[in-house]
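Undergrad: Shown below is the structure under consideration.
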Amino acid sequence: MEPKNNNFLISLLSILLLLSCIIAGFFAWQTQNLVRELTESRNQNLTTPSQTPIQTIIPSQAVVINNIKNGDKITSPVNISGTIDKSWTWEATFSIEILDSARKPLNSMPVSVNFENEVVSRGLFSISISFVTTAQSGFIVVHADNPSGLPQNNKSFEIPIKFMANKNTACTMEAKLCPDGTSVGRSGPNCEFAPCPTLKP
């Protein structure tokens, strides 16, 4: 009986050893695949370029604003006129944006360009833009039209300006709560809050 028992044990151990080898090989194969996938994913992240558009401030020769220069004071509405290179336009249009000192957009409008013919490389433009702000300074930003959406075609040109109070400028619809429970709004050329009512003793 002992030889038969020994043969049985040997067979059982052989089967267990074979199963262990199969399981170990399976886990090794899974680990190898996981390492390969992680390596490919890391390489892809390293080689994929950023898709975030980057605005490029370019030399002023491409955009010339005739009636406003750096540091000028403007009021709303402001008239902006000048010339622009055709490469900055698409179907004879581009855009102008007005920002405050915190670069908060105040208004943005498309601008049409007048080209004398199809041969000339520069065109004339003129537009009036309204805005409302309580800031003291900001920027006029000219954006090239970029229908492709490609970052390398994003071009812009900006002029720092100062805002001058205009008594006809509409103020923002904000309210300030006074100690007596009433509220006051902005008014006047500087769009300041009106004084609260004086509390009677």
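Letters for chains follow the order of the structure tokens (A, B, ...), residue numbers begin at 1 for each chain, and ligand numbers begin at 1 in the order shown.
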Can you tell me, as number ranges by chain, what residues are no more than 12 Å from segment 177-179 of chain A when counting only C-alpha atoms, ignoring any on the same chain fewer than 5 positions away?

TA: A: 184-186, 193-200

Undergrad: Could you list, as a ChimeraX atom specification, every residue within 10 Å of segment 111-113 of chain A, counting only C-alpha atoms and ignoring same-chain residues fewer than 2 positions away?

TA: /A:82-86,89-96,108-109,115-116,122-128,142,145

Undergrad: Which residues, written as a list in words, have at least one atom at most 9 Å from segment 71-81 of chain A, with only C-alpha atoms counted and residues fewer than 5 positions away on the same chain left out?

TA: Val64, Ile65, Asn66, Leu124, Phe125, Ser126, Ile127, Ser128, Ile129, Ser130, Phe131, Val132, Ser137, Ile159, Pro160, Ile161, Lys162, Phe163, Met164, Ala165, Asn166, Asn168 and Thr169 of chain A

Undergrad: Can you pull out the residues contacting Lys104 of chain A? Cut-off 12 Å, using only C-alpha atoms, and skip same-chain residues under 4 positions away; I want them as a list in words.

TA: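 Answer for this query is Glu97, Ile98, Leu99, Asp100, Ser108, Phe131, Val132, Thr133, Thr134, Ala135, Ser137, Gly138, Phe139, Ile140 and Val141 of chain A.
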
Undergrad: Run DSSP on the backbone and grab whatever in segment 3-185 of chain A lands in alpha helix (DSSP H); send it over as a PyMOL selection string.

TA: chain A and resi 3-47

Undergrad: Those same residues, written as a tab-separated table (two decimals), in the first residue's frame with N, CA and C atoms?

TA:
chain	number	residue	atom	x	y	z
A	3	PRO	N	3.71	2.02	-1.61
A	3	PRO	CA	4.09	2.55	-2.93
A	3	PRO	C	2.95	3.29	-3.60
A	4	LYS	N	1.71	2.76	-3.45
A	4	LYS	CA	0.57	3.43	-4.07
A	4	LYS	C	0.34	4.80	-3.44
A	5	ASN	N	0.45	4.85	-2.10
A	5	ASN	CA	0.27	6.14	-1.42
A	5	ASN	C	1.33	7.14	-1.85
A	6	ASN	N	2.56	6.64	-1.97
A	6	ASN	CA	3.64	7.53	-2.40
A	6	ASN	C	3.40	8.06	-3.81
A	7	ASN	N	2.94	7.17	-4.69
A	7	ASN	CA	2.66	7.61	-6.06
A	7	ASN	C	1.54	8.66	-6.08
A	8	PHE	N	0.54	8.44	-5.22
A	8	PHE	CA	-0.57	9.40	-5.16
A	8	PHE	C	-0.09	10.76	-4.67
A	9	LEU	N	0.75	10.74	-3.64
A	9	LEU	CA	1.27	12.01	-3.11
A	9	LEU	C	2.14	12.72	-4.14
A	10	ILE	N	2.95	11.92	-4.84
A	10	ILE	CA	3.82	12.52	-5.87
A	10	ILE	C	2.97	13.15	-6.98
A	11	SER	N	1.91	12.43	-7.38
A	11	SER	CA	1.03	12.96	-8.43
A	11	SER	C	0.34	14.24	-7.96
A	12	LEU	N	-0.13	14.22	-6.70
A	12	LEU	CA	-0.81	15.39	-6.15
A	12	LEU	C	0.12	16.59	-6.08
A	13	LEU	N	1.35	16.35	-5.61
A	13	LEU	CA	2.32	17.44	-5.53
A	13	LEU	C	2.68	17.97	-6.92
A	14	SER	N	2.75	17.07	-7.89
A	14	SER	CA	3.06	17.50	-9.26
A	14	SER	C	1.96	18.39	-9.81
A	15	ILE	N	0.70	17.99	-9.52
A	15	ILE	CA	-0.43	18.80	-9.99
A	15	ILE	C	-0.43	20.17	-9.33
A	16	LEU	N	-0.19	20.19	-8.01
A	16	LEU	CA	-0.15	21.46	-7.29
A	16	LEU	C	0.98	22.35	-7.80
A	17	LEU	N	2.14	21.74	-8.08
A	17	LEU	CA	3.27	22.50	-8.60
A	17	LEU	C	2.95	23.08	-9.97
A	18	LEU	N	2.27	22.27	-10.80
A	18	LEU	CA	1.89	22.75	-12.13
A	18	LEU	C	0.91	23.91	-12.04
A	19	LEU	N	-0.08	23.77	-11.13
A	19	LEU	CA	-1.04	24.86	-10.95
A	19	LEU	C	-0.36	26.12	-10.44
A	20	SER	N	0.60	25.94	-9.54
A	20	SER	CA	1.33	27.10	-9.01
A	20	SER	C	2.10	27.81	-10.12
A	21	CYS	N	2.71	27.02	-11.00
A	21	CYS	CA	3.46	27.62	-12.12
A	21	CYS	C	2.52	28.38	-13.06
A	22	ILE	N	1.34	27.79	-13.31
A	22	ILE	CA	0.38	28.45	-14.20
A	22	ILE	C	-0.10	29.77	-13.59
A	23	ILE	N	-0.44	29.74	-12.29
A	23	ILE	CA	-0.91	30.96	-11.62
A	23	ILE	C	0.18	32.02	-11.59
A	24	ALA	N	1.41	31.59	-11.28
A	24	ALA	CA	2.52	32.55	-11.24
A	24	ALA	C	2.76	33.16	-12.62
A	25	GLY	N	2.68	32.32	-13.66
A	25	GLY	CA	2.86	32.84	-15.02
A	25	GLY	C	1.77	33.82	-15.40
A	26	PHE	N	0.52	33.53	-14.97
A	26	PHE	CA	-0.60	34.43	-15.28
A	26	PHE	C	-0.40	35.79	-14.62
A	27	PHE	N	-0.01	35.80	-13.34
A	27	PHE	CA	0.21	37.06	-12.64
A	27	PHE	C	1.39	37.83	-13.23
A	28	ALA	N	2.43	37.10	-13.64
A	28	ALA	CA	3.58	37.77	-14.26
A	28	ALA	C	3.17	38.43	-15.57
A	29	TRP	N	2.31	37.74	-16.33
A	29	TRP	CA	1.84	38.30	-17.61
A	29	TRP	C	0.98	39.54	-17.38
A	30	GLN	N	0.10	39.49	-16.37
A	30	GLN	CA	-0.74	40.63	-16.04
A	30	GLN	C	0.10	41.82	-15.59
A	31	THR	N	1.10	41.53	-14.76
A	31	THR	CA	1.97	42.61	-14.27
A	31	THR	C	2.73	43.26	-15.42
A	32	GLN	N	3.20	42.45	-16.36
A	32	GLN	CA	3.94	42.98	-17.51
A	32	GLN	C	3.05	43.88	-18.36
A	33	ASN	N	1.80	43.45	-18.58
A	33	ASN	CA	0.86	44.27	-19.35
A	33	ASN	C	0.56	45.59	-18.65
A	34	LEU	N	0.39	45.53	-17.33
A	34	LEU	CA	0.09	46.75	-16.57
A	34	LEU	C	1.25	47.74	-16.64
A	35	VAL	N	2.48	47.22	-16.50
A	35	VAL	CA	3.65	48.09	-16.58
A	35	VAL	C	3.75	48.73	-17.96
A	36	ARG	N	3.48	47.95	-19.01
A	36	ARG	CA	3.55	48.48	-20.37
A	36	ARG	C	2.51	49.57	-20.60
A	37	GLU	N	1.28	49.36	-20.10
A	37	GLU	CA	0.22	50.36	-20.27
A	37	GLU	C	0.54	51.65	-19.52
A	38	LEU	N	1.08	51.51	-18.29
A	38	LEU	CA	1.44	52.70	-17.53
A	38	LEU	C	2.55	53.47	-18.21
A	39	THR	N	3.53	52.76	-18.78
A	39	THR	CA	4.63	53.42	-19.47
A	39	THR	C	4.14	54.16	-20.70
A	40	GLU	N	3.25	53.52	-21.49
A	40	GLU	CA	2.71	54.18	-22.68
A	40	GLU	C	1.88	55.40	-22.31
A	41	SER	N	1.10	55.29	-21.22
A	41	SER	CA	0.28	56.43	-20.79
A	41	SER	C	1.15	57.60	-20.35
A	42	ARG	N	2.24	57.30	-19.61
A	42	ARG	CA	3.13	58.37	-19.16
A	42	ARG	C	3.82	59.04	-20.34
A	43	ASN	N	4.26	58.25	-21.31
A	43	ASN	CA	4.93	58.82	-22.48
A	43	ASN	C	3.97	59.69	-23.29
A	44	GLN	N	2.70	59.25	-23.37
A	44	GLN	CA	1.72	60.03	-24.11
A	44	GLN	C	1.46	61.37	-23.44
A	45	ASN	N	1.39	61.38	-22.11
A	45	ASN	CA	1.17	62.63	-21.38
A	45	ASN	C	2.35	63.58	-21.54
A	46	LEU	N	3.56	63.00	-21.63
A	46	LEU	CA	4.74	63.85	-21.77
A	46	LEU	C	4.86	64.45	-23.15
A	47	THR	N	4.35	63.75	-24.16
A	47	THR	CA	4.52	64.22	-25.54
A	47	THR	C	3.32	64.99	-26.07

Undergrad: Give me, as JSON, numbers by chain, the residues of segment 30-169 of chain A that a backbone DSSP run labels strand (DSSP E).

TA: {"A": [56, 57, 63, 64, 65, 73, 74, 78, 79, 80, 81, 82, 83, 84, 85, 93, 94, 95, 96, 97, 98, 99, 100, 105, 106, 107, 108, 109, 110, 111, 112, 122, 123, 124, 125, 126, 127, 128, 129, 137, 138, 139, 140, 141, 142, 143, 155, 156, 157, 158, 159, 160, 161, 162, 163]}

Undergrad: Please measure the separation of atom CA of Asn146 of chain A and atom CA of Ser87 of chain A, giving the value in Å to one decimal.

TA: 10.0 Å

Undergrad: With only C-alpha atoms as the basis for distance, which of A:Ser121, A:Gln136, A:Lys69, A:Ser183 is at the shortest distance from Ser101 of chain A?

TA: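 Among A:Ser121, A:Gln136, A:Lys69, A:Ser183, it is A:Gln136 that comes nearest to Ser101 of chain A.
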
Undergrad: One number please: atom CA of Trp88 of chain A to atom CA of Pro147 of chain A, in Å, one decimal.

TA: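 About the pair atom CA of Trp88 of chain A and atom CA of Pro147 of chain A: they are 11.0 Å apart.
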
Undergrad: What is the distance between atom CA of Val63 of chain A and atom CA of Phe157 of chain A, in Å to one decimal?

TA: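 According to the coordinates, atom CA of Val63 of chain A and atom CA of Phe157 of chain A are separated by 7.2 Å.
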